[in-house]
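Reproduced below: start-v3.cif, with mmCIF, C-alpha atoms.
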```
data_model
loop_
_atom_site.label_atom_id
_atom_site.label_comp_id
_atom_site.auth_asym_id
_atom_site.auth_seq_id
_atom_site.Cartn_x
_atom_site.Cartn_y
_atom_site.Cartn_z
CA MET E 451 21.52 195.24 -110.22
CA SER E 452 21.73 193.51 -106.86
CA SER E 453 24.57 193.35 -104.38
CA THR E 454 25.38 191.78 -101.08
CA THR E 455 24.84 193.71 -97.87
CA SER E 456 28.24 192.60 -96.61
CA ILE E 457 29.47 194.05 -93.33
CA THR E 458 33.02 193.84 -94.71
CA PRO E 459 33.49 196.70 -97.20
CA ARG E 460 36.76 195.22 -98.48
CA ASP E 461 34.77 192.71 -100.56
CA ARG E 462 31.63 193.43 -102.50
CA TYR E 463 29.96 191.34 -105.16
CA TYR E 464 27.28 192.46 -107.59
CA ILE E 465 24.99 190.43 -109.79
CA LEU E 466 24.02 192.59 -112.77
CA ARG E 467 20.79 191.85 -114.62
CA VAL E 468 18.77 193.29 -117.48
CA SER E 469 15.48 194.96 -116.54
CA SER E 470 13.38 193.34 -119.29
CA SER E 471 13.73 190.49 -121.75
CA ASN E 472 11.73 192.59 -124.25
CA LEU E 473 14.68 194.90 -124.88
CA THR E 474 16.75 194.43 -128.03
CA VAL E 475 20.07 192.66 -127.67
CA ALA E 476 21.91 195.98 -128.02
CA GLU E 477 19.76 197.59 -125.33
CA GLN E 478 20.34 194.67 -122.97
CA PHE E 479 24.11 194.86 -123.32
CA ASN E 480 24.03 198.63 -122.94
CA GLN E 481 22.21 198.22 -119.62
CA ILE E 482 24.85 195.85 -118.27
CA LEU E 483 27.75 197.96 -119.54
CA SER E 484 26.16 201.09 -118.07
CA GLN E 485 25.94 199.38 -114.67
CA ILE E 486 29.60 198.39 -114.87
CA ARG E 487 30.60 201.97 -115.71
CA MET E 488 28.57 203.20 -112.75
CA LEU E 489 30.25 200.67 -110.44
CA SER E 490 33.64 201.73 -111.76
CA GLN E 491 32.89 205.36 -110.94
CA MET E 492 31.61 204.44 -107.48
CA SER E 493 34.70 202.33 -106.88
CA ARG E 494 37.09 205.18 -107.62
CA LEU E 495 35.24 207.41 -105.16
CA SER E 496 35.56 204.78 -102.41
CA GLN E 497 39.18 203.91 -103.27
CA SER E 498 38.06 200.51 -104.53
CA SER E 499 38.74 198.62 -107.73
CA ILE E 500 36.83 196.21 -109.93
CA VAL E 501 39.06 193.15 -110.00
CA PHE E 502 36.89 190.56 -111.77
CA VAL E 503 33.92 190.51 -114.14
CA ARG E 504 32.26 187.46 -115.64
CA TYR E 505 29.69 187.86 -118.41
CA PHE E 506 27.06 185.15 -118.88
CA LEU E 507 25.86 185.19 -122.49
CA SER E 508 22.98 183.37 -124.15
CA ASP E 509 24.74 183.20 -127.56
CA VAL E 510 28.49 183.72 -127.41
CA ALA E 511 29.11 183.54 -131.15
CA ASN E 512 26.70 186.38 -131.90
CA GLN E 513 27.12 188.49 -128.77
CA LEU E 514 30.85 189.05 -128.29
CA CYS E 515 30.57 192.04 -130.63
CA TYR E 516 28.45 193.87 -128.03
CA LEU E 517 31.26 193.83 -125.43
CA PRO E 518 34.00 196.50 -125.46
CA ALA E 519 36.90 195.61 -127.73
CA GLU E 520 39.57 197.17 -125.51
CA GLN E 521 41.24 195.11 -122.80
CA PRO E 522 39.94 196.13 -119.35
CA GLU E 523 41.99 196.73 -116.21
CA TYR E 524 40.18 193.89 -114.43
CA ALA E 525 40.10 190.14 -115.03
CA LEU E 526 37.53 189.43 -117.73
CA SER E 527 35.68 186.13 -118.01
CA ILE E 528 33.17 185.35 -120.76
CA VAL E 529 31.11 182.16 -120.90
CA GLY E 530 28.11 180.96 -122.83
CA GLN E 531 25.57 180.22 -120.08
CA ALA E 532 22.18 181.76 -120.73
CA PRO E 533 20.45 183.59 -117.86
CA LEU E 534 17.20 181.71 -117.38
CA ASP E 535 15.04 184.76 -116.74
CA GLY E 536 14.74 185.12 -120.51
CA THR E 537 17.38 187.81 -120.92
CA LYS E 538 20.50 187.55 -123.05
CA VAL E 539 23.20 188.70 -120.63
CA ALA E 540 24.01 188.93 -116.94
CA ALA E 541 27.25 189.61 -115.10
CA LEU E 542 29.06 188.94 -111.83
CA VAL E 543 31.29 191.80 -110.62
CA TYR E 544 33.81 191.60 -107.77
CA ILE E 545 35.11 194.79 -106.16
CA MET E 546 37.87 195.08 -103.53
CA GLN E 547 38.78 198.12 -101.46
CA GLY E 548 42.28 199.47 -100.95
CA VAL E 549 43.96 197.43 -103.69
CA THR E 550 45.92 198.20 -106.84
CA THR E 551 45.53 196.18 -110.03
CA LYS E 552 47.91 195.54 -112.90
CA ARG E 553 47.66 193.31 -115.95
CA ILE E 554 50.80 191.18 -116.00
CA CYS E 555 49.97 189.19 -119.12
CA GLU E 556 47.11 188.76 -121.58
CA ASN E 557 45.09 186.50 -119.28
CA THR E 558 46.19 187.49 -115.75
CA ILE E 559 45.52 190.41 -113.41
CA GLU E 560 47.71 191.02 -110.36
CA VAL E 561 45.90 192.56 -107.38
CA LYS E 562 48.06 194.01 -104.60
CA ASP E 563 46.35 194.00 -101.19
CA GLY E 564 48.91 194.99 -98.57
CA ASP E 565 51.29 192.06 -98.12
CA VAL E 566 48.97 189.74 -100.07
CA THR E 567 48.88 189.48 -103.86
CA HIS E 568 45.93 187.95 -105.70
CA TYR E 569 46.16 186.58 -109.23
CA TRP E 570 43.03 186.25 -111.39
CA THR E 571 43.57 184.32 -114.62
CA THR E 572 40.71 184.06 -117.12
CA GLN E 573 39.75 182.63 -120.48
CA VAL E 574 42.63 180.16 -120.78
CA GLN E 575 41.79 177.95 -123.75
CA PHE E 576 43.48 176.10 -126.60
CA SER E 577 42.59 174.33 -129.79
CA GLY E 578 43.12 170.57 -129.82
CA GLN E 579 41.64 167.32 -130.91
CA THR E 580 40.11 166.34 -127.57
CA SER E 581 39.05 167.90 -124.28
CA HIS E 582 41.84 165.90 -122.60
CA GLU E 583 44.48 167.51 -124.85
CA GLN E 584 43.01 170.96 -124.39
CA THR E 585 42.87 170.59 -120.61
CA CYS E 586 46.52 169.49 -120.47
CA ALA E 587 47.53 172.47 -122.61
CA ILE E 588 45.51 174.81 -120.39
CA PHE E 589 47.29 173.56 -117.28
CA ASP E 590 50.71 173.73 -118.92
CA GLU E 591 50.07 177.38 -119.79
CA TYR E 592 48.68 178.21 -116.34
CA ILE E 593 51.47 176.43 -114.44
CA SER E 594 54.07 178.25 -116.55
CA GLY E 595 52.43 181.56 -115.65
CA LEU E 596 52.39 180.70 -111.96
CA ASN E 597 56.05 179.64 -112.04
CA SER E 598 57.00 182.96 -113.67
CA CYS E 599 55.59 184.66 -110.55
CA ASN E 600 57.43 182.22 -108.25
CA LEU E 601 54.15 180.48 -107.46
CA SER E 602 53.06 176.86 -107.76
CA LEU E 603 49.82 175.06 -108.48
CA LEU E 604 50.19 173.09 -105.23
CA ASP E 605 50.79 175.97 -102.84
CA ASN E 606 49.08 178.99 -104.40
CA CYS E 607 46.09 178.07 -106.58
CA ILE E 608 42.87 178.35 -104.56
CA ARG E 609 40.02 178.04 -107.08
CA THR E 610 39.38 176.98 -110.69
CA TRP E 611 36.39 177.02 -113.04
CA PHE E 612 36.09 174.81 -116.13
CA PHE E 613 33.48 175.64 -118.75
CA VAL E 614 32.98 172.65 -121.01
CA HIS E 615 31.31 172.47 -124.42
CA ASP E 616 28.93 169.46 -124.52
CA VAL E 617 29.80 168.52 -120.95
CA ASP E 618 28.12 165.11 -121.20
CA HIS E 619 30.73 164.03 -123.75
CA ASN E 620 33.76 166.18 -122.95
CA TYR E 621 33.89 166.28 -119.15
CA ALA E 622 35.65 162.91 -118.91
CA GLY E 623 38.56 164.35 -120.91
CA VAL E 624 38.73 167.36 -118.59
CA VAL E 625 38.87 165.02 -115.58
CA SER E 626 41.62 162.82 -117.05
CA GLY E 627 43.67 165.83 -118.14
CA ARG E 628 43.34 167.52 -114.76
CA ASN E 629 44.17 164.31 -112.89
CA ALA E 630 47.33 163.87 -114.95
CA LYS E 631 48.54 167.43 -114.40
CA PHE E 632 47.70 167.36 -110.70
CA ALA E 633 49.75 164.20 -110.24
CA GLU E 634 52.70 165.86 -112.03
CA GLN E 635 52.47 168.86 -109.68
CA GLY E 636 52.15 166.88 -106.45
CA LEU E 637 48.41 167.31 -105.88
CA THR E 638 47.27 163.94 -104.59
CA THR E 639 44.96 162.44 -101.98
CA ASP E 640 47.90 162.74 -99.56
CA THR E 641 48.27 166.48 -100.14
CA HIS E 642 45.17 168.28 -101.43
CA PHE E 643 43.33 169.24 -104.58
CA ILE E 644 41.77 172.60 -105.58
CA ALA E 645 38.24 173.92 -105.13
CA SER E 646 36.57 173.86 -108.53
CA THR E 647 33.47 174.06 -110.66
CA GLY E 648 33.32 171.92 -113.81
CA ILE E 649 30.15 172.77 -115.67
CA GLY E 650 28.58 173.00 -119.10
CA GLY E 651 29.27 176.27 -120.87
CA GLU E 652 30.39 177.56 -124.24
CA PRO E 653 33.97 178.88 -124.33
CA SER E 654 34.43 182.29 -125.90
CA LYS E 655 36.38 180.78 -128.83
CA PRO E 656 34.42 178.38 -131.06
CA SER E 657 37.47 176.12 -131.56
CA SER E 658 37.74 175.42 -127.82
CA LEU E 659 36.05 172.60 -125.98
CA VAL E 660 37.28 173.80 -122.59
CA GLU E 661 37.91 177.19 -120.99
CA MET E 662 39.44 177.77 -117.55
CA ASP E 663 39.39 180.62 -115.07
CA ALA E 664 41.56 180.42 -111.95
CA TYR E 665 42.42 182.32 -108.78
CA ALA E 666 45.74 182.10 -106.91
CA VAL E 667 47.19 183.98 -103.97
CA ASN E 668 50.64 184.82 -102.64
CA GLY E 669 51.55 186.12 -99.20
CA VAL E 670 49.23 183.82 -97.25
CA PRO E 671 50.93 181.02 -95.27
CA VAL E 672 49.99 177.52 -96.40
CA SER E 673 48.81 176.92 -92.82
CA ASP E 674 46.05 179.52 -93.38
CA ILE E 675 44.57 177.59 -96.33
CA HIS E 676 42.02 175.00 -95.21
CA PHE E 677 39.89 172.44 -97.03
CA LEU E 678 36.24 171.61 -96.41
CA TYR E 679 34.80 168.09 -96.42
CA ALA E 680 31.38 167.87 -94.68
CA LYS E 681 31.89 164.12 -94.38
CA THR E 682 28.44 163.53 -92.91
CA HIS E 683 26.93 164.67 -96.20
CA LEU E 684 29.60 164.41 -98.91
CA ASN E 685 32.30 161.97 -99.90
CA SER E 686 35.82 162.54 -101.21
CA THR E 687 35.73 163.35 -104.91
CA ALA E 688 38.71 161.03 -105.41
CA GLU E 689 36.43 158.09 -104.59
CA TYR E 690 34.81 158.49 -108.00
CA GLY E 691 37.96 159.50 -109.87
CA VAL E 692 37.63 163.30 -109.81
CA ALA E 693 40.27 165.57 -108.29
CA PHE E 694 38.83 168.67 -106.63
CA GLU E 695 38.08 169.90 -103.13
CA ARG E 696 34.49 170.44 -101.99
CA GLY E 697 35.48 173.84 -100.68
CA THR E 698 38.39 175.89 -99.40
CA TYR E 699 38.65 178.71 -96.91
CA VAL E 700 41.56 181.09 -96.63
CA ASP E 701 42.40 183.29 -93.66
CA TYR E 702 43.80 186.54 -95.02
CA PRO E 703 44.82 189.38 -92.71
CA GLY E 704 41.60 190.45 -91.02
CA ILE E 705 39.22 188.48 -93.23
CA ARG E 706 38.19 184.91 -94.08
CA ARG E 707 37.01 184.04 -97.58
CA VAL E 708 35.20 180.76 -98.18
CA PHE E 709 35.13 179.30 -101.69
CA ILE E 710 32.44 176.64 -102.18
CA SER E 711 32.92 174.42 -105.22
CA GLY E 712 30.14 173.38 -107.53
CA THR E 713 27.83 171.39 -105.23
CA ALA E 714 24.84 169.23 -106.11
CA SER E 715 22.46 166.68 -104.55
CA ILE E 716 24.93 163.99 -103.47
CA ASP E 717 25.41 161.86 -100.36
CA ASN E 718 28.52 160.79 -98.47
CA LYS E 719 28.91 157.70 -100.64
CA GLY E 720 28.89 159.64 -103.89
CA ASN E 721 25.34 158.74 -104.89
CA VAL E 722 23.03 161.14 -106.72
CA LEU E 723 20.05 161.76 -104.44
CA TYR E 724 16.43 162.31 -105.51
CA GLU E 725 16.77 161.51 -109.19
CA GLY E 726 14.23 163.42 -111.26
CA ASP E 727 12.98 165.57 -108.35
CA ILE E 728 14.16 169.16 -108.77
CA TYR E 729 12.60 170.28 -105.48
CA LYS E 730 14.36 167.68 -103.32
CA GLN E 731 17.61 168.00 -105.25
CA THR E 732 17.64 171.76 -104.65
CA ASP E 733 16.95 171.30 -100.94
CA ARG E 734 19.74 168.73 -100.60
CA MET E 735 22.14 170.92 -102.56
CA LEU E 736 21.52 173.80 -100.15
CA GLU E 737 21.90 171.47 -97.16
CA ASN E 738 25.26 170.24 -98.46
CA VAL E 739 26.50 173.80 -98.94
CA GLU E 740 25.30 174.70 -95.46
CA LYS E 741 27.40 171.87 -94.00
CA LEU E 742 30.48 172.98 -95.92
CA LEU E 743 30.05 176.56 -94.75
CA ALA E 744 29.69 175.40 -91.15
CA GLU E 745 33.15 173.81 -91.26
CA ALA E 746 34.50 177.29 -92.02
CA GLU E 747 32.47 178.74 -89.12
CA ALA E 748 30.20 180.46 -91.62
CA ASP E 749 26.61 180.18 -92.78
CA PHE E 750 24.35 181.60 -95.48
CA SER E 751 24.34 185.00 -93.76
CA ASN E 752 27.99 185.29 -94.85
CA VAL E 753 27.35 184.29 -98.45
CA GLN E 754 27.99 187.09 -100.93
CA TYR E 755 26.36 185.65 -104.06
CA ILE E 756 25.06 182.38 -105.50
CA LEU E 757 25.43 181.01 -109.02
CA VAL E 758 22.93 178.27 -109.84
CA TYR E 759 23.31 175.94 -112.83
CA LEU E 760 20.35 174.11 -114.36
CA ARG E 761 20.25 171.38 -116.96
CA ASP E 762 16.59 171.90 -117.89
CA ILE E 763 15.17 175.39 -118.38
CA ALA E 764 11.76 174.05 -117.36
CA ASP E 765 13.07 173.85 -113.76
CA PHE E 766 13.78 177.58 -113.56
CA SER E 767 10.59 178.65 -111.79
CA ALA E 768 10.80 175.88 -109.20
CA VAL E 769 14.41 176.66 -108.26
CA ARG E 770 13.87 180.43 -108.30
CA ASP E 771 10.90 180.08 -105.96
CA ILE E 772 12.92 177.95 -103.53
CA LEU E 773 15.75 180.48 -103.45
CA VAL E 774 13.44 183.46 -103.03
CA LYS E 775 11.54 181.73 -100.23
CA ARG E 776 14.78 180.77 -98.48
CA PHE E 777 16.81 183.97 -98.94
CA GLY E 778 14.45 186.71 -100.11
CA ASP E 779 16.64 189.52 -101.43
CA THR E 780 19.45 189.01 -98.89
CA ILE E 781 21.74 187.09 -101.28
CA PRO E 782 22.07 188.08 -104.95
CA PHE E 783 21.84 185.10 -107.28
CA VAL E 784 21.52 184.27 -110.95
CA ILE E 785 20.20 181.03 -112.46
CA LEU E 786 21.96 179.89 -115.61
CA GLN E 787 21.45 177.18 -118.20
CA ALA E 788 24.50 174.97 -117.73
CA PRO E 789 24.29 171.16 -117.57
CA VAL E 790 25.99 169.61 -114.54
CA CYS E 791 28.75 167.06 -115.13
CA ARG E 792 26.49 164.08 -114.29
CA PRO E 793 23.22 163.92 -116.26
CA LYS E 794 21.20 162.82 -113.21
CA TRP E 795 22.11 166.01 -111.39
CA LEU E 796 19.47 168.56 -112.31
CA VAL E 797 20.92 171.50 -110.37
CA GLU E 798 24.24 172.69 -108.96
CA MET E 799 25.40 175.82 -107.18
CA GLU E 800 28.55 177.60 -106.10
CA CYS E 801 29.12 180.56 -103.81
CA VAL E 802 31.61 182.66 -101.89
CA ALA E 803 31.24 183.62 -98.24
CA VAL E 804 33.15 186.31 -96.35
CA LYS E 805 33.70 186.75 -92.61
#
```

I'd like the structure from this file rewritten - as structure tokens, please.
Amino acid sequence: MSSTTSITPRDRYYILRVSSSNLTVAEQFNQILSQIRMLSQMSRLSQSSIVFVRYFLSDVANQLCYLPAEQPEYALSIVGQAPLDGTKVAALVYIMQGVTTKRICENTIEVKDGDVTHYWTTQVQFSGQTSHEQTCAIFDEYISGLNSCNLSLLDNCIRTWFFVHDVDHNYAGVVSGRNAKFAEQGLTTDTHFIASTGIGGEPSKPSSLVEMDAYAVNGVPVSDIHFLYAKTHLNSTAEYGVAFERGTYVDYPGIRRVFISGTASIDNKGNVLYEGDIYKQTDRMLENVEKLLAEAEADFSNVQYILVYLRDIADFSAVRDILVKRFGDTIPFVILQAPVCRPKWLVEMECVAVK
């Protein structure tokens, strides 16, 4: 288990790992679940709460049975993205101090934090003929849930994650569905989009091509929500027909949280840089993220965790070595098998920073 050494105790992220790939599948899951129980006990002692857990599984269809059957008090996300250290399961855990949590529907947790309320919605998925149809149904369900809390997609949704089965074939449908729903809800190039990761991953239900997690907030003025561009290094996603923001930072009372979208080796004209070179692509990816963080007056010293997505498992050692050399053990990270939405992108990352 590794965690950030954040100077802000209100937020703490943990990356949970298995100690050895030689353990049986049951032993590996028991290790992760034991760590979560320990964190839960620690949280109660420090008046904190687990608010979000995402499990990364190497074989969703055969491994769901190893997770607890009961519904937890926190937002639960499950995705088929194999940890590339050879183990079968890893997890990301988010803990907040001084909050109260309540499940308000099957997929959504409400987190009260003073005058601010956070909403974590996970595992939204539907059956349907195409990824376009499923994405539209996902947004209809999510927007209805937001409206029931007097929230809107335009004003309150901060971050989304889309996990896409066979991303090379189904991502286009996700894009077209999202674009259509955004236009209906007033998200345009003249307003703003939403920070997002759209990545290969197996939804937790075999009938689903797409699964969405999302985070929204209430009680923060719209003027305290800002979007990141890094125009010297990145272009507008709308220029190649995709509707998401490169990053978003939100100024909550006493704290700034920076949400960096899935970011790869791209230039400010939308071109993939360093095709076929995992070393240069990883360096450019980190440089792009650094520029986005700088716009939020942050840097890698503020980053709480990193998720790295790889298309080819053969690139694991190269990317791991780059991250270890750059960050040592100062930032917890996990490298996952998850193809990026463009085949020529070999690697992508996302992160959260806190000031």

Once the PyMOL selection byres ((chain E and resi 614) around 7) has been evaluated on this model, what residues remain selected, and can you format them as a PDB file with C-alpha atoms, in the frame of the given file?
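Dumped to result.pdb:
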```pdb
ATOM      1  CA  PHE E 612      36.090 174.810-116.130  1.00  0.00           C
ATOM      2  CA  PHE E 613      33.480 175.640-118.750  1.00  0.00           C
ATOM      3  CA  HIS E 615      31.310 172.470-124.420  1.00  0.00           C
ATOM      4  CA  ASP E 616      28.930 169.460-124.520  1.00  0.00           C
ATOM      5  CA  VAL E 617      29.800 168.520-120.950  1.00  0.00           C
ATOM      6  CA  ASN E 620      33.760 166.180-122.950  1.00  0.00           C
ATOM      7  CA  TYR E 621      33.890 166.280-119.150  1.00  0.00           C
ATOM      8  CA  ILE E 649      30.150 172.770-115.670  1.00  0.00           C
ATOM      9  CA  GLY E 650      28.580 173.000-119.100  1.00  0.00           C
ATOM     10  CA  GLY E 651      29.270 176.270-120.870  1.00  0.00           C
ATOM     11  CA  GLU E 652      30.390 177.560-124.240  1.00  0.00           C
ATOM     12  CA  LEU E 659      36.050 172.600-125.980  1.00  0.00           C
ATOM     13  CA  VAL E 660      37.280 173.800-122.590  1.00  0.00           C
ATOM     14  CA  GLU E 661      37.910 177.190-120.990  1.00  0.00           C
TER      15      GLU E 661
END
```

- [ ] For a cut-off of 12 Å around (46.9, 195.1, -106.8), file coordinates, pick out all residues using all atoms listed in the file and list them as a ChimeraX atom specification.
- [x] /E:498-501,523-525,545-554,558-570,667-668

Task: Å distance separating CA of Cys599 in chain E from CA of Gly704 in chain E, one decimal place - done: 24.7 Å

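Of the residues listed (E:Val739, E:Val625, E:Leu596, E:Leu601), E:Val739 shows the shortest atom-to-atom separation from Leu684 in chain E; distances use only C-alpha atoms.
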
Task: All residues 12 Å or closer to Asn512 in chain E, only C-alpha atoms, same chain fewer than 5 positions away omitted, as a PyMOL selection string - done: chain E and resi 475-476+507+517+530+538+654-656

As a check of understanding, name the residues that the PyMOL selection byres ((chain E and resi 793) around 12) selects in the supplied structure, as a PDB file with C-alpha atoms, in the frame of the given file.
```pdb
ATOM      1  CA  ASP E 616      28.930 169.460-124.520  1.00  0.00           C
ATOM      2  CA  VAL E 617      29.800 168.520-120.950  1.00  0.00           C
ATOM      3  CA  ASP E 618      28.120 165.110-121.200  1.00  0.00           C
ATOM      4  CA  HIS E 619      30.730 164.030-123.750  1.00  0.00           C
ATOM      5  CA  TYR E 621      33.890 166.280-119.150  1.00  0.00           C
ATOM      6  CA  ILE E 649      30.150 172.770-115.670  1.00  0.00           C
ATOM      7  CA  GLY E 650      28.580 173.000-119.100  1.00  0.00           C
ATOM      8  CA  ALA E 714      24.840 169.230-106.110  1.00  0.00           C
ATOM      9  CA  VAL E 722      23.030 161.140-106.720  1.00  0.00           C
ATOM     10  CA  GLU E 725      16.770 161.510-109.190  1.00  0.00           C
ATOM     11  CA  GLY E 726      14.230 163.420-111.260  1.00  0.00           C
ATOM     12  CA  LEU E 760      20.350 174.110-114.360  1.00  0.00           C
ATOM     13  CA  ARG E 761      20.250 171.380-116.960  1.00  0.00           C
ATOM     14  CA  ASP E 762      16.590 171.900-117.890  1.00  0.00           C
ATOM     15  CA  ALA E 788      24.500 174.970-117.730  1.00  0.00           C
ATOM     16  CA  PRO E 789      24.290 171.160-117.570  1.00  0.00           C
ATOM     17  CA  VAL E 790      25.990 169.610-114.540  1.00  0.00           C
ATOM     18  CA  CYS E 791      28.750 167.060-115.130  1.00  0.00           C
ATOM     19  CA  ARG E 792      26.490 164.080-114.290  1.00  0.00           C
ATOM     20  CA  LYS E 794      21.200 162.820-113.210  1.00  0.00           C
ATOM     21  CA  TRP E 795      22.110 166.010-111.390  1.00  0.00           C
ATOM     22  CA  LEU E 796      19.470 168.560-112.310  1.00  0.00           C
ATOM     23  CA  VAL E 797      20.920 171.500-110.370  1.00  0.00           C
ATOM     24  CA  GLU E 798      24.240 172.690-108.960  1.00  0.00           C
TER      25      GLU E 798
END
```

Task: Residues returned when the PyMOL selection byres ((chain E and resi 505) around 7) runs on this file, as a ChimeraX atom specification - done: /E:503-504,506-507,527-529,539-542

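Rounded to one decimal, CA of Cys586 in chain E and CA of Ala633 in chain E lie 12.0 Å from each other.
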
Task: Pick from E:Ser626, E:Asn685, E:Gln497, E:Thr610, whichever lies nearest to Ile644 in chain E using all atoms listed in the file - done: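 Nearest candidate to Ile644 in chain E out of E:Ser626, E:Asn685, E:Gln497, E:Thr610: E:Thr610.
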
Enclose the full set of atoms of range 493-500 of chain E listed in the file within a box whose edges lie along x, y and z, apply 6 Å of padding to each of the six sides, and report centre and edge lengths in Å to one decimal as AutoDock Vina command-line options.
```
--center_x 36.9 --center_y 201.8 --center_z -106.2 --size_x 16.5 --size_y 23.2 --size_z 19.5
```

Taking N, CA, C and O atoms as the atom set, what does range 662-678 of chain E look like once completed, written as a PDB file, in the frame of the given file?
```pdb
ATOM      1  N   MET E 662      39.177 177.761-118.994  1.00  0.00           N
ATOM      2  CA  MET E 662      39.440 177.770-117.550  1.00  0.00           C
ATOM      3  C   MET E 662      39.646 179.179-117.034  1.00  0.00           C
ATOM      4  O   MET E 662      40.328 179.990-117.667  1.00  0.00           O
ATOM      5  N   ASP E 663      39.051 179.470-115.892  1.00  0.00           N
ATOM      6  CA  ASP E 663      39.390 180.620-115.070  1.00  0.00           C
ATOM      7  C   ASP E 663      40.031 180.088-113.787  1.00  0.00           C
ATOM      8  O   ASP E 663      39.721 178.963-113.353  1.00  0.00           O
ATOM      9  N   ALA E 664      40.905 180.879-113.172  1.00  0.00           N
ATOM     10  CA  ALA E 664      41.560 180.420-111.950  1.00  0.00           C
ATOM     11  C   ALA E 664      41.922 181.609-111.070  1.00  0.00           C
ATOM     12  O   ALA E 664      42.111 182.727-111.543  1.00  0.00           O
ATOM     13  N   TYR E 665      42.030 181.318-109.772  1.00  0.00           N
ATOM     14  CA  TYR E 665      42.420 182.320-108.780  1.00  0.00           C
ATOM     15  C   TYR E 665      43.536 181.732-107.930  1.00  0.00           C
ATOM     16  O   TYR E 665      43.429 180.603-107.429  1.00  0.00           O
ATOM     17  N   ALA E 666      44.620 182.496-107.767  1.00  0.00           N
ATOM     18  CA  ALA E 666      45.740 182.100-106.910  1.00  0.00           C
ATOM     19  C   ALA E 666      46.100 183.261-106.002  1.00  0.00           C
ATOM     20  O   ALA E 666      45.717 184.413-106.252  1.00  0.00           O
ATOM     21  N   VAL E 667      46.839 182.941-104.938  1.00  0.00           N
ATOM     22  CA  VAL E 667      47.190 183.980-103.970  1.00  0.00           C
ATOM     23  C   VAL E 667      48.625 183.757-103.498  1.00  0.00           C
ATOM     24  O   VAL E 667      49.103 182.616-103.397  1.00  0.00           O
ATOM     25  N   ASN E 668      49.308 184.860-103.216  1.00  0.00           N
ATOM     26  CA  ASN E 668      50.640 184.820-102.640  1.00  0.00           C
ATOM     27  C   ASN E 668      50.662 185.711-101.412  1.00  0.00           C
ATOM     28  O   ASN E 668      49.961 186.721-101.362  1.00  0.00           O
ATOM     29  N   GLY E 669      51.460 185.327-100.416  1.00  0.00           N
ATOM     30  CA  GLY E 669      51.550 186.120 -99.200  1.00  0.00           C
ATOM     31  C   GLY E 669      50.702 185.593 -98.068  1.00  0.00           C
ATOM     32  O   GLY E 669      50.657 186.197 -96.989  1.00  0.00           O
ATOM     33  N   VAL E 670      50.018 184.474 -98.286  1.00  0.00           N
ATOM     34  CA  VAL E 670      49.230 183.820 -97.250  1.00  0.00           C
ATOM     35  C   VAL E 670      49.932 182.508 -96.893  1.00  0.00           C
ATOM     36  O   VAL E 670      50.188 181.687 -97.788  1.00  0.00           O
ATOM     37  N   PRO E 671      50.276 182.282 -95.627  1.00  0.00           N
ATOM     38  CA  PRO E 671      50.930 181.020 -95.270  1.00  0.00           C
ATOM     39  C   PRO E 671      50.069 179.817 -95.653  1.00  0.00           C
ATOM     40  O   PRO E 671      48.834 179.874 -95.575  1.00  0.00           O
ATOM     41  N   VAL E 672      50.721 178.748 -96.059  1.00  0.00           N
ATOM     42  CA  VAL E 672      49.990 177.520 -96.400  1.00  0.00           C
ATOM     43  C   VAL E 672      49.137 177.060 -95.228  1.00  0.00           C
ATOM     44  O   VAL E 672      48.058 176.492 -95.419  1.00  0.00           O
ATOM     45  N   SER E 673      49.569 177.328 -94.006  1.00  0.00           N
ATOM     46  CA  SER E 673      48.810 176.920 -92.820  1.00  0.00           C
ATOM     47  C   SER E 673      47.485 177.663 -92.682  1.00  0.00           C
ATOM     48  O   SER E 673      46.620 177.254 -91.908  1.00  0.00           O
ATOM     49  N   ASP E 674      47.300 178.762 -93.435  1.00  0.00           N
ATOM     50  CA  ASP E 674      46.050 179.520 -93.380  1.00  0.00           C
ATOM     51  C   ASP E 674      45.098 179.159 -94.516  1.00  0.00           C
ATOM     52  O   ASP E 674      44.077 179.823 -94.714  1.00  0.00           O
ATOM     53  N   ILE E 675      45.440 178.112 -95.264  1.00  0.00           N
ATOM     54  CA  ILE E 675      44.570 177.590 -96.330  1.00  0.00           C
ATOM     55  C   ILE E 675      44.012 176.261 -95.864  1.00  0.00           C
ATOM     56  O   ILE E 675      44.762 175.343 -95.534  1.00  0.00           O
ATOM     57  N   HIS E 676      42.683 176.173 -95.794  1.00  0.00           N
ATOM     58  CA  HIS E 676      42.020 175.000 -95.210  1.00  0.00           C
ATOM     59  C   HIS E 676      40.998 174.427 -96.190  1.00  0.00           C
ATOM     60  O   HIS E 676      40.392 175.168 -96.967  1.00  0.00           O
ATOM     61  N   PHE E 677      40.778 173.128 -96.090  1.00  0.00           N
ATOM     62  CA  PHE E 677      39.890 172.440 -97.030  1.00  0.00           C
ATOM     63  C   PHE E 677      38.661 171.908 -96.303  1.00  0.00           C
ATOM     64  O   PHE E 677      38.731 171.504 -95.131  1.00  0.00           O
ATOM     65  N   LEU E 678      37.537 171.932 -96.995  1.00  0.00           N
ATOM     66  CA  LEU E 678      36.240 171.610 -96.410  1.00  0.00           C
ATOM     67  C   LEU E 678      35.766 170.257 -96.934  1.00  0.00           C
ATOM     68  O   LEU E 678      35.896 169.969 -98.124  1.00  0.00           O
TER      69      LEU E 678
END
```
